[in-house]
$ cat run-v2.cif   # mmCIF, C-alpha atoms
data_entry
loop_
_atom_site.label_atom_id
_atom_site.label_comp_id
_atom_site.auth_asym_id
_atom_site.auth_seq_id
_atom_site.Cartn_x
_atom_site.Cartn_y
_atom_site.Cartn_z
CA MET A 195 111.06 69.39 118.23
CA GLU A 196 110.52 67.61 114.90
CA PHE A 197 110.36 64.27 116.73
CA ARG A 198 107.61 65.52 119.05
CA LEU A 199 105.61 66.83 116.11
CA HIS A 200 105.84 63.86 113.75
CA ALA A 201 106.95 60.69 115.54
CA SER A 202 103.49 59.46 116.49
CA GLU A 203 102.00 59.90 113.00
CA THR A 204 105.10 58.37 111.37
CA ARG A 205 104.73 55.33 113.60
CA ARG A 206 101.02 55.02 112.76
CA LEU A 207 101.45 55.42 108.99
CA TYR A 208 104.74 53.63 108.38
CA GLY A 209 105.32 51.41 111.41
CA ASN A 210 108.58 53.11 112.44
CA SER A 211 108.96 52.68 116.21
CA TYR A 212 109.81 55.63 118.42
CA VAL A 213 113.17 54.07 119.25
CA GLY A 214 113.88 53.43 115.57
CA GLN A 215 113.10 57.03 114.68
CA LEU A 216 115.37 58.33 117.43
CA VAL A 217 118.19 56.06 116.30
CA ASP A 218 117.74 57.31 112.72
CA LEU A 219 117.80 60.94 113.84
CA LEU A 220 120.96 60.44 115.91
CA SER A 221 122.64 58.58 113.06
CA ILE A 222 121.86 61.37 110.63
CA GLY A 223 123.40 63.93 112.96
CA PHE A 224 126.42 62.09 114.33
CA ARG A 225 127.26 59.48 111.72
CA TYR A 226 126.57 61.44 108.54
CA TRP A 227 126.99 64.98 109.91
CA ALA A 228 123.73 66.01 108.32
CA ASN A 229 120.81 68.02 109.67
CA PRO A 230 118.28 65.68 111.39
CA GLU A 231 115.53 67.98 110.09
CA THR A 232 115.89 66.21 106.75
CA TYR A 233 114.45 62.99 108.22
CA TYR A 234 110.85 64.23 108.25
CA LEU A 235 111.20 67.06 105.75
CA PHE A 236 112.26 64.75 102.92
CA LYS A 237 110.52 61.57 104.11
CA ILE A 238 113.70 59.61 104.74
CA TYR A 239 111.69 57.55 107.23
CA LYS A 240 109.83 55.91 104.30
CA ASN A 241 112.76 53.77 103.16
CA ARG A 242 115.09 54.46 106.13
CA ASP A 243 118.05 55.02 103.81
CA ILE A 244 119.47 57.57 106.21
CA SER A 245 122.74 57.90 104.33
CA ASN A 246 120.82 59.99 101.78
CA ALA A 247 120.22 62.70 104.39
CA LYS A 248 123.56 64.32 103.64
CA TYR A 249 122.53 64.98 100.04
CA PHE A 250 119.56 67.20 100.89
CA LEU A 251 120.55 70.86 101.02
CA LEU A 252 118.75 73.21 103.41
CA GLU A 253 117.88 76.87 102.99
CA ASN A 254 119.94 78.29 105.85
CA SER A 255 123.27 77.00 104.55
CA MET A 256 122.63 77.04 100.81
CA THR A 257 121.43 80.64 100.65
CA SER A 258 124.82 81.67 102.03
CA LEU A 259 126.64 79.39 99.60
CA LEU A 260 124.75 80.79 96.63
CA ARG A 261 125.57 84.27 97.83
CA TYR A 262 129.22 83.24 97.78
CA VAL A 263 129.23 82.59 94.03
CA ASN A 264 126.71 85.32 93.13
CA GLY A 265 127.57 87.84 95.83
CA THR A 266 129.47 90.32 93.66
CA LYS A 267 126.72 90.42 91.04
CA CYS A 268 123.90 92.97 91.20
CA ASP A 269 120.49 91.30 90.97
CA ARG A 270 118.33 94.41 91.21
CA HIS A 271 117.25 93.97 87.59
CA ILE A 272 115.88 90.54 88.54
CA GLN A 273 114.26 91.51 91.85
CA ASP A 274 112.53 94.47 90.19
CA LYS A 275 109.72 92.65 88.40
CA PHE A 276 108.75 95.62 86.24
CA LEU A 277 112.32 96.17 85.08
CA PHE A 278 112.90 92.44 84.54
CA ASN A 279 109.79 92.12 82.38
CA LYS A 280 110.74 95.21 80.38
CA ARG A 281 114.23 93.93 79.61
CA MET A 282 113.14 90.40 78.77
CA ARG A 283 110.28 91.68 76.60
CA GLU A 284 112.73 93.84 74.65
CA LYS A 285 114.77 90.69 74.00
CA GLY A 286 111.71 88.94 72.57
CA TYR A 287 110.82 86.62 75.46
CA PRO A 288 107.21 85.81 76.36
CA VAL A 289 106.60 87.65 79.64
CA ILE A 290 103.50 89.15 81.22
CA ASN A 291 102.36 92.33 79.46
CA ASP A 292 102.32 94.67 82.45
CA ILE A 293 99.36 97.04 82.59
CA GLY A 294 101.13 99.58 84.76
CA VAL A 295 102.91 100.34 88.00
CA VAL A 296 101.71 102.26 91.08
CA THR A 297 104.47 104.28 92.73
CA GLN A 298 104.24 107.07 95.27
CA GLY A 299 100.53 107.55 94.66
CA ARG A 300 100.71 107.54 90.86
CA LEU A 301 99.33 104.85 88.53
CA THR A 302 101.25 104.96 85.26
CA SER A 303 101.56 102.87 82.12
CA PRO A 304 104.83 101.11 81.24
CA LYS A 305 105.67 104.20 79.16
CA GLY A 306 105.11 106.54 82.11
CA SER A 307 101.78 108.17 81.18
CA GLU A 308 98.91 108.52 83.66
CA LEU A 309 96.60 105.51 83.63
CA ASP A 310 93.10 104.53 84.72
CA LEU A 311 92.36 101.10 86.12
CA PRO A 312 91.65 98.54 83.38
CA CYS A 313 88.14 97.25 82.76
CA CYS A 314 89.24 93.63 83.15
CA ASP A 315 90.42 91.19 85.81
CA PHE A 316 93.89 92.01 87.04
CA ILE A 317 96.35 91.31 89.83
CA ALA A 318 98.39 93.74 91.91
CA LYS A 319 101.57 92.70 93.71
CA PRO A 320 104.57 94.39 95.31
CA ASN A 321 107.14 95.06 92.62
CA LEU A 322 109.94 93.79 94.85
CA GLY A 323 107.86 91.20 96.70
CA LEU A 324 108.79 87.57 97.23
CA GLU A 325 106.86 84.34 97.80
CA GLY A 326 103.49 85.72 96.76
CA ARG A 327 103.47 88.34 99.53
CA GLY A 328 100.80 90.99 99.00
CA LEU A 329 99.48 89.55 95.75
CA THR A 330 95.77 90.28 95.29
CA ARG A 331 93.46 89.53 92.38
CA PHE A 332 90.73 91.99 91.42
CA ASP A 333 87.84 90.69 89.33
CA TRP A 334 86.05 93.17 87.08
CA LEU A 335 82.28 93.14 87.55
CA THR A 336 79.82 94.21 84.87
CA ASN A 337 78.47 97.00 87.10
CA GLY A 338 81.81 98.78 86.95
CA ARG A 339 83.02 97.56 90.32
CA TYR A 340 85.84 95.24 91.33
CA CYS A 341 85.80 92.35 93.79
CA SER A 342 89.10 91.30 95.34
CA SER A 343 90.34 87.81 96.17
CA GLU A 344 89.94 88.91 99.80
CA ASP A 345 86.18 89.33 99.25
CA LYS A 346 86.23 93.10 99.33
CA CYS A 347 84.40 95.13 96.71
CA TYR A 348 85.49 98.53 95.36
CA SER A 349 84.36 101.16 92.94
CA ALA A 350 86.98 102.12 90.39
CA VAL A 351 87.66 105.34 92.28
CA ASN A 352 88.02 103.61 95.65
CA LEU A 353 90.24 100.85 94.28
CA ALA A 354 92.54 103.35 92.59
CA ALA A 355 92.79 105.24 95.88
CA HIS A 356 93.50 101.99 97.75
CA LEU A 357 96.34 101.00 95.41
CA LYS A 358 97.81 104.49 95.48
CA GLU A 359 97.81 104.41 99.27
CA LEU A 360 99.62 101.06 99.27
CA SER A 361 102.17 102.46 96.84
CA MET A 362 103.28 105.10 99.32
CA HIS A 363 105.11 102.29 101.15
CA GLU A 364 106.27 100.23 98.16
CA ALA A 365 105.65 100.12 94.42
CA TYR A 366 102.93 97.79 93.12
CA LEU A 367 102.86 96.10 89.75
CA VAL A 368 99.50 95.81 87.94
CA GLN A 369 99.23 92.86 85.57
CA PRO A 370 96.41 91.13 83.66
CA ARG A 371 95.00 87.97 85.17
CA LEU A 372 96.42 85.00 83.31
CA GLU A 373 94.43 81.85 82.54
CA ASN A 374 95.96 78.39 82.73
CA HIS A 375 96.18 76.24 79.61
CA PRO A 376 92.89 74.28 79.23
CA ASP A 377 94.75 70.98 79.81
CA ILE A 378 95.68 72.01 83.37
CA THR A 379 92.80 74.27 84.41
CA ASP A 380 91.46 71.59 86.74
CA LEU A 381 94.78 71.47 88.64
CA SER A 382 93.99 74.84 90.18
CA ASN A 383 91.46 76.57 92.38
CA GLY A 384 91.27 79.30 89.74
CA GLY A 385 94.68 80.82 90.38
CA PHE A 386 97.56 80.69 87.94
CA CYS A 387 99.91 77.70 88.21
CA THR A 388 103.62 77.91 87.50
CA SER A 389 106.58 75.57 87.22
CA ARG A 390 109.63 76.45 89.30
CA ILE A 391 112.57 75.47 87.11
CA ILE A 392 116.17 75.64 88.31
CA THR A 393 118.73 76.33 85.60
CA ALA A 394 122.48 76.18 86.01
CA ALA A 395 125.02 77.75 83.68
CA THR A 396 128.61 76.57 83.78
CA PRO A 397 131.39 79.19 83.68
CA ALA A 398 131.87 78.09 80.06
CA GLY A 399 128.29 79.16 79.26
CA ASN A 400 126.50 75.81 78.96
CA VAL A 401 123.02 75.82 80.53
CA GLU A 402 121.34 72.80 82.11
CA VAL A 403 118.00 72.30 83.83
CA ILE A 404 118.66 70.78 87.26
CA VAL A 405 115.16 70.19 88.62
CA ALA A 406 111.59 71.39 88.15
CA VAL A 407 108.42 71.31 90.25
CA PHE A 408 104.85 72.31 89.46
CA LYS A 409 103.15 74.71 91.88
CA MET A 410 99.38 74.81 92.35
CA PRO A 411 97.34 77.26 94.46
CA THR A 412 94.81 75.81 96.88
CA GLY A 413 91.92 76.97 99.01
CA THR A 414 91.28 80.69 98.83
CA LYS A 415 94.87 81.54 97.87
CA VAL A 416 95.53 83.36 94.62
CA ALA A 417 99.27 82.73 94.51
CA ASP A 418 100.70 79.24 94.06
CA ASN A 419 103.39 79.94 96.65
CA PHE A 420 104.59 76.77 98.40
CA GLY A 421 105.18 78.51 101.73
CA ALA A 422 101.71 80.10 101.82
CA GLY A 423 99.57 76.99 101.47
CA GLY A 424 100.10 75.97 97.86
CA ILE A 425 101.09 72.46 96.85
CA ALA A 426 103.92 71.32 94.61
CA SER A 427 104.49 68.24 92.50
CA SER A 428 107.66 66.84 90.99
CA ILE A 429 108.07 67.06 87.21
CA ASP A 430 109.80 64.45 85.08
CA LEU A 431 112.25 66.56 83.08
CA GLN A 432 112.08 64.28 80.05
CA THR A 433 108.32 64.01 79.73
CA GLY A 434 106.74 66.80 81.78
CA GLU A 435 104.80 64.21 83.78
CA LEU A 436 103.72 65.12 87.31
CA GLY A 437 104.35 63.07 90.43
CA ALA A 438 102.60 63.18 93.80
CA ALA A 439 102.13 66.60 95.37
CA CYS A 440 102.89 67.82 98.87
CA TYR A 441 102.51 70.81 101.15
CA LYS A 442 105.50 72.57 102.65
CA HIS A 443 104.41 72.39 106.28
CA ARG A 444 102.25 69.25 106.42
CA LEU A 445 105.22 66.94 106.24
CA LEU A 446 103.56 63.54 106.32
CA LEU A 447 100.88 64.21 103.73
CA GLU A 448 101.24 63.24 100.06
CA LEU A 449 98.55 64.04 97.52
CA ASP A 450 97.63 62.08 94.41
CA LYS A 451 94.69 64.43 93.80
CA HIS A 452 94.19 68.18 93.98
CA PRO A 453 92.56 68.99 97.35
CA ASP A 454 90.07 71.45 95.83
CA THR A 455 89.12 70.00 92.46
CA GLY A 456 89.58 66.31 93.28
CA VAL A 457 91.27 65.57 89.95
CA THR A 458 94.25 63.24 89.76
CA ILE A 459 97.64 64.95 89.66
CA VAL A 460 99.93 61.95 89.31
CA GLY A 461 100.58 61.07 85.67
CA ARG A 462 99.31 64.34 84.20
CA LYS A 463 101.59 65.86 81.56
CA LEU A 464 102.24 69.57 81.24
CA PRO A 465 101.56 71.11 77.82
CA TYR A 466 104.40 72.82 75.93
CA TRP A 467 106.94 71.17 78.24
CA SER A 468 109.85 70.86 75.79
CA GLN A 469 109.26 74.46 74.68
CA THR A 470 109.27 75.55 78.31
CA LEU A 471 112.67 73.95 78.91
CA ASP A 472 114.10 75.47 75.75
CA LEU A 473 112.79 78.86 76.85
CA VAL A 474 114.49 78.93 80.27
CA ARG A 475 117.75 77.50 78.95
CA LYS A 476 117.95 80.27 76.37
CA ALA A 477 116.71 82.99 78.75
CA HIS A 478 119.31 82.17 81.40
CA LEU A 479 122.12 83.37 79.15
CA ASP A 480 120.23 86.57 78.31
CA VAL A 481 119.89 87.67 81.95
CA GLU A 482 122.51 90.29 82.66
CA GLY A 483 125.02 89.38 85.36
CA ASP A 484 126.46 86.00 84.41
CA PHE A 485 124.60 84.13 87.18
CA GLY A 486 125.46 80.51 87.83
CA PHE A 487 122.00 79.52 89.06
CA LEU A 488 118.53 80.94 88.52
CA GLY A 489 115.04 79.88 89.51
CA TRP A 490 112.29 80.51 86.97
CA ASP A 491 108.54 80.65 87.47
CA VAL A 492 106.96 79.78 84.14
CA GLY A 493 103.25 79.38 83.52
CA VAL A 494 101.50 77.89 80.51
CA THR A 495 98.60 79.62 78.78
CA GLU A 496 96.70 78.37 75.75
CA SER A 497 99.23 80.09 73.49
CA GLY A 498 102.32 78.68 75.19
CA PRO A 499 104.76 79.21 78.07
CA VAL A 500 105.12 82.63 79.70
CA ILE A 501 107.87 83.73 82.06
CA VAL A 502 106.34 85.11 85.26
CA GLU A 503 109.59 85.94 87.05
CA ALA A 504 113.12 84.81 87.83
CA GLN A 505 114.92 84.57 91.18
CA VAL A 506 118.49 84.28 92.35
CA THR A 507 117.41 82.47 95.53
CA PHE A 508 114.93 79.85 94.47
CA GLY A 509 113.68 77.76 97.39
CA PHE A 510 115.72 74.70 98.30
CA ILE A 511 112.91 72.97 100.17
CA LEU A 512 110.49 73.61 97.30
CA CYS A 513 112.70 72.00 94.68
CA GLN A 514 113.67 68.97 96.81
CA ARG A 515 110.57 67.96 98.80
CA PRO A 516 108.32 66.95 95.89
CA GLY A 517 109.71 63.66 94.65
CA ARG A 518 112.47 63.78 97.32
CA PHE A 519 115.01 65.08 94.82
CA ALA A 520 118.37 65.56 96.58
CA LEU A 521 120.26 68.50 95.09
CA GLY A 522 123.44 67.26 96.76
CA SER A 523 123.55 64.21 94.52
CA SER A 524 122.71 66.11 91.32
CA ARG A 525 124.67 68.17 88.82
CA PHE A 526 124.03 71.18 91.05
CA VAL A 527 127.07 70.30 93.20
CA GLU A 528 129.46 69.83 90.29
CA ILE A 529 128.45 73.09 88.61
CA TYR A 530 128.52 74.95 91.92
CA SER A 531 132.09 73.71 92.47
CA GLN A 532 133.12 75.11 89.09
CA TRP A 533 131.81 78.55 90.06
CA ALA A 534 133.36 78.36 93.53
CA ASP A 535 136.75 77.57 91.97
CA ASN A 536 136.39 80.66 89.77
CA VAL A 537 135.63 82.84 92.81
CA ARG A 538 138.74 81.59 94.60
#
$ encode --input "run-v2.cif" --output "structure tokens"
Amino acid sequence: MEFRLHASETRRLYGNSYVGQLVDLLSIGFRYWANPETYYLFKIYKNRDISNAKYFLLENSMTSLLRYVNGTKCDRHIQDKFLFNKRMREKGYPVINDIGVVTQGRLTSPKGSELDLPCCDFIAKPNLGLEGRGLTRFDWLTNGRYCSSEDKCYSAVNLAAHLKELSMHEAYLVQPRLENHPDITDLSNGGFCTSRIITAATPAGNVEVIVAVFKMPTGTKVADNFGAGGIASSIDLQTGELGAACYKHRLLLELDKHPDTGVTIVGRKLPYWSQTLDLVRKAHLDVEGDFGFLGWDVGVTESGPVIVEAQVTFGFILCQRPGRFALGSSRFVEIYSQWADNVR
């Protein structure tokens, strides 16, 4: 299937013959016992070093392996965004100051009192949602109305009723709209950008940053989610410098410039980068549950880094495709082995 989709364009762009691509795919599968999907997904065809295929870890197998070392640990306090923010805020970490939560038809403040909609731009998203699902931005207009990122306009009364209706199926979190740091505003279509940072804690309690990528929303999307049309760029851990960006599903396309704003991505440096790394390393140890691995979404405002959320499953394709970073040849494997030995 992957061959049919990508072989012709790979031949046109990189000169790899059809026969050569087939030989590579067969070698990956039968010689290195790796998934041939890695060939196009991680651009192995560019340098044809097919032995590297075995070092790229795919979602279907790695999610199960992560569950093996984290399976006995409850992660409800991480999945529940409202609860996670509350606990991390109490510990002094910079998180989003939630406006309120809508549950079972009631809009309440973080302290539980009845609440009216704020007279400002805000976002609403499912409290237990993943990958940007259901996230909508509502812009406050001077005439007392709101316009959504889906181009629908509401009065305050109608919008409150709309959110309360949604909350009968699942709770929604209401948060202020965050603005990107001025140095990176032009790397976005207006949505908030975040860095996905993978931290690993050894059983002895030492925390390392394994890999980081920078996510940017594109088009009409509000969320920077990689699987919903956003782009992601590799980040140099030492300097915070960005590499070329890519989409999740357009496998042969690499971007030096943002597709909406036209500004150059490659070579840009993220502000507050060292502080961001210090933040997630420290925060990892303060998350209840003694987790070996966590994925962090951290944005940067003018005043510094802010934790948007954390995840136990953190997107293996997202953290490997930009920059073709193979988790299987990184410290991830060694630290995972330490945890697996503890489980046994």
$ resolve_selection --input "run-v2.cif" --expression "the PyMOL selection byres ((chain A and resi 513-515) around 8)" --output "PyMOL selection string"
chain A and resi 235-236+250+390+405-407+440+442+509-512+516-521
$ resolve_selection --input "run-v2.cif" --expression "the PyMOL selection byres ((chain A and resi 342) around 8)" --output "ChimeraX atom specification"
/A:330-333,340-341,343-347
$ write_last_selection --input "run-v2.cif" --atoms "C-alpha atoms" --output "PDB file, keeping the file's coordinate frame"
ATOM      1  CA  THR A 330      95.770  90.280  95.290  1.00  0.00           C
ATOM      2  CA  ARG A 331      93.460  89.530  92.380  1.00  0.00           C
ATOM      3  CA  PHE A 332      90.730  91.990  91.420  1.00  0.00           C
ATOM      4  CA  ASP A 333      87.840  90.690  89.330  1.00  0.00           C
ATOM      5  CA  TYR A 340      85.840  95.240  91.330  1.00  0.00           C
ATOM      6  CA  CYS A 341      85.800  92.350  93.790  1.00  0.00           C
ATOM      7  CA  SER A 343      90.340  87.810  96.170  1.00  0.00           C
ATOM      8  CA  GLU A 344      89.940  88.910  99.800  1.00  0.00           C
ATOM      9  CA  ASP A 345      86.180  89.330  99.250  1.00  0.00           C
ATOM     10  CA  LYS A 346      86.230  93.100  99.330  1.00  0.00           C
ATOM     11  CA  CYS A 347      84.400  95.130  96.710  1.00  0.00           C
TER      12      CYS A 347
END
$ resolve_selection --input "run-v2.cif" --expression "the PyMOL selection byres ((chain A and resi 260) around 12)" --output "ChimeraX atom specification"
/A:251-259,261-267,394,485-488,505-510,526-527,529-531,533-534,537
$ closest_residue --input "run-v2.cif" --among "A:Thr204, A:Asn536, A:Asn291, A:Ser523" --to "A:Asn246" --atoms "all atoms listed in the file"
A:Ser523
$ closest_residue --input "run-v2.cif" --among "A:Leu436, A:Tyr233, A:Glu196, A:Cys387" --to "A:Asn374" --atoms "all atoms listed in the file"
A:Cys387
$ closest_residue --input "run-v2.cif" --among "A:Trp467, A:Phe276, A:Tyr234, A:Tyr239" --to "A:Arg444" --atoms "only C-alpha atoms"
A:Tyr234
$ closest_residue --input "run-v2.cif" --among "A:Ser303, A:Thr412, A:Asn229, A:Gln432" --to "A:Gly384" --atoms "only C-alpha atoms"
A:Thr412
$ atom_distance --input "run-v2.cif" --atom1 "atom CA of A:Phe278" --atom2 "atom CA of A:Leu322"
10.8 Å
$ atom_distance --input "run-v2.cif" --atom1 "atom CA of A:Asp450" --atom2 "atom CA of A:Pro411"
15.2 Å
$ axis_aligned_box --input "run-v2.cif" --around "stretch 315-329 of chain A" --padding-each-side "3 Å" --output "lines of an AutoDock Vina configuration file"
center_x = 100.2
center_y = 89.7
center_z = 92.7
size_x = 25.5
size_y = 16.7
size_z = 19.7
$ atom_distance --input "run-v2.cif" --atom1 "atom CA of A:Ala354" --atom2 "atom CA of A:Leu311"
6.9 Å
$ residues_around --input "run-v2.cif" --residues "A:Ile244" --least-positions-apart "6" --cutoff "8 Å" --atoms "all atoms listed in the file" --output "number ranges by chain"
A: 218, 221-222, 233, 238
$ closest_residue --input "run-v2.cif" --among "A:Gly423, A:Gly214, A:Pro312, A:Pro499" --to "A:Gln369" --atoms "all atoms listed in the file"
A:Pro312
$ closest_residue --input "run-v2.cif" --among "A:Leu464, A:Val368, A:Cys313, A:Leu357" --to "A:Lys275" --atoms "all atoms listed in the file"
A:Val368
$ residues_near_point --input "run-v2.cif" --point "(123.4, 91.2, 84.0)" --cutoff "10 Å" --atoms "all atoms listed in the file" --output "PyMOL selection string"
chain A and resi 267-272+479-485
$ write_last_selection --input "run-v2.cif" --atoms "C-alpha atoms" --output "PDB file, keeping the file's coordinate frame"
ATOM      1  CA  LYS A 267     126.720  90.420  91.040  1.00  0.00           C
ATOM      2  CA  CYS A 268     123.900  92.970  91.200  1.00  0.00           C
ATOM      3  CA  ASP A 269     120.490  91.300  90.970  1.00  0.00           C
ATOM      4  CA  ARG A 270     118.330  94.410  91.210  1.00  0.00           C
ATOM      5  CA  HIS A 271     117.250  93.970  87.590  1.00  0.00           C
ATOM      6  CA  ILE A 272     115.880  90.540  88.540  1.00  0.00           C
ATOM      7  CA  LEU A 479     122.120  83.370  79.150  1.00  0.00           C
ATOM      8  CA  ASP A 480     120.230  86.570  78.310  1.00  0.00           C
ATOM      9  CA  VAL A 481     119.890  87.670  81.950  1.00  0.00           C
ATOM     10  CA  GLU A 482     122.510  90.290  82.660  1.00  0.00           C
ATOM     11  CA  GLY A 483     125.020  89.380  85.360  1.00  0.00           C
ATOM     12  CA  ASP A 484     126.460  86.000  84.410  1.00  0.00           C
ATOM     13  CA  PHE A 485     124.600  84.130  87.180  1.00  0.00           C
TER      14      PHE A 485
END
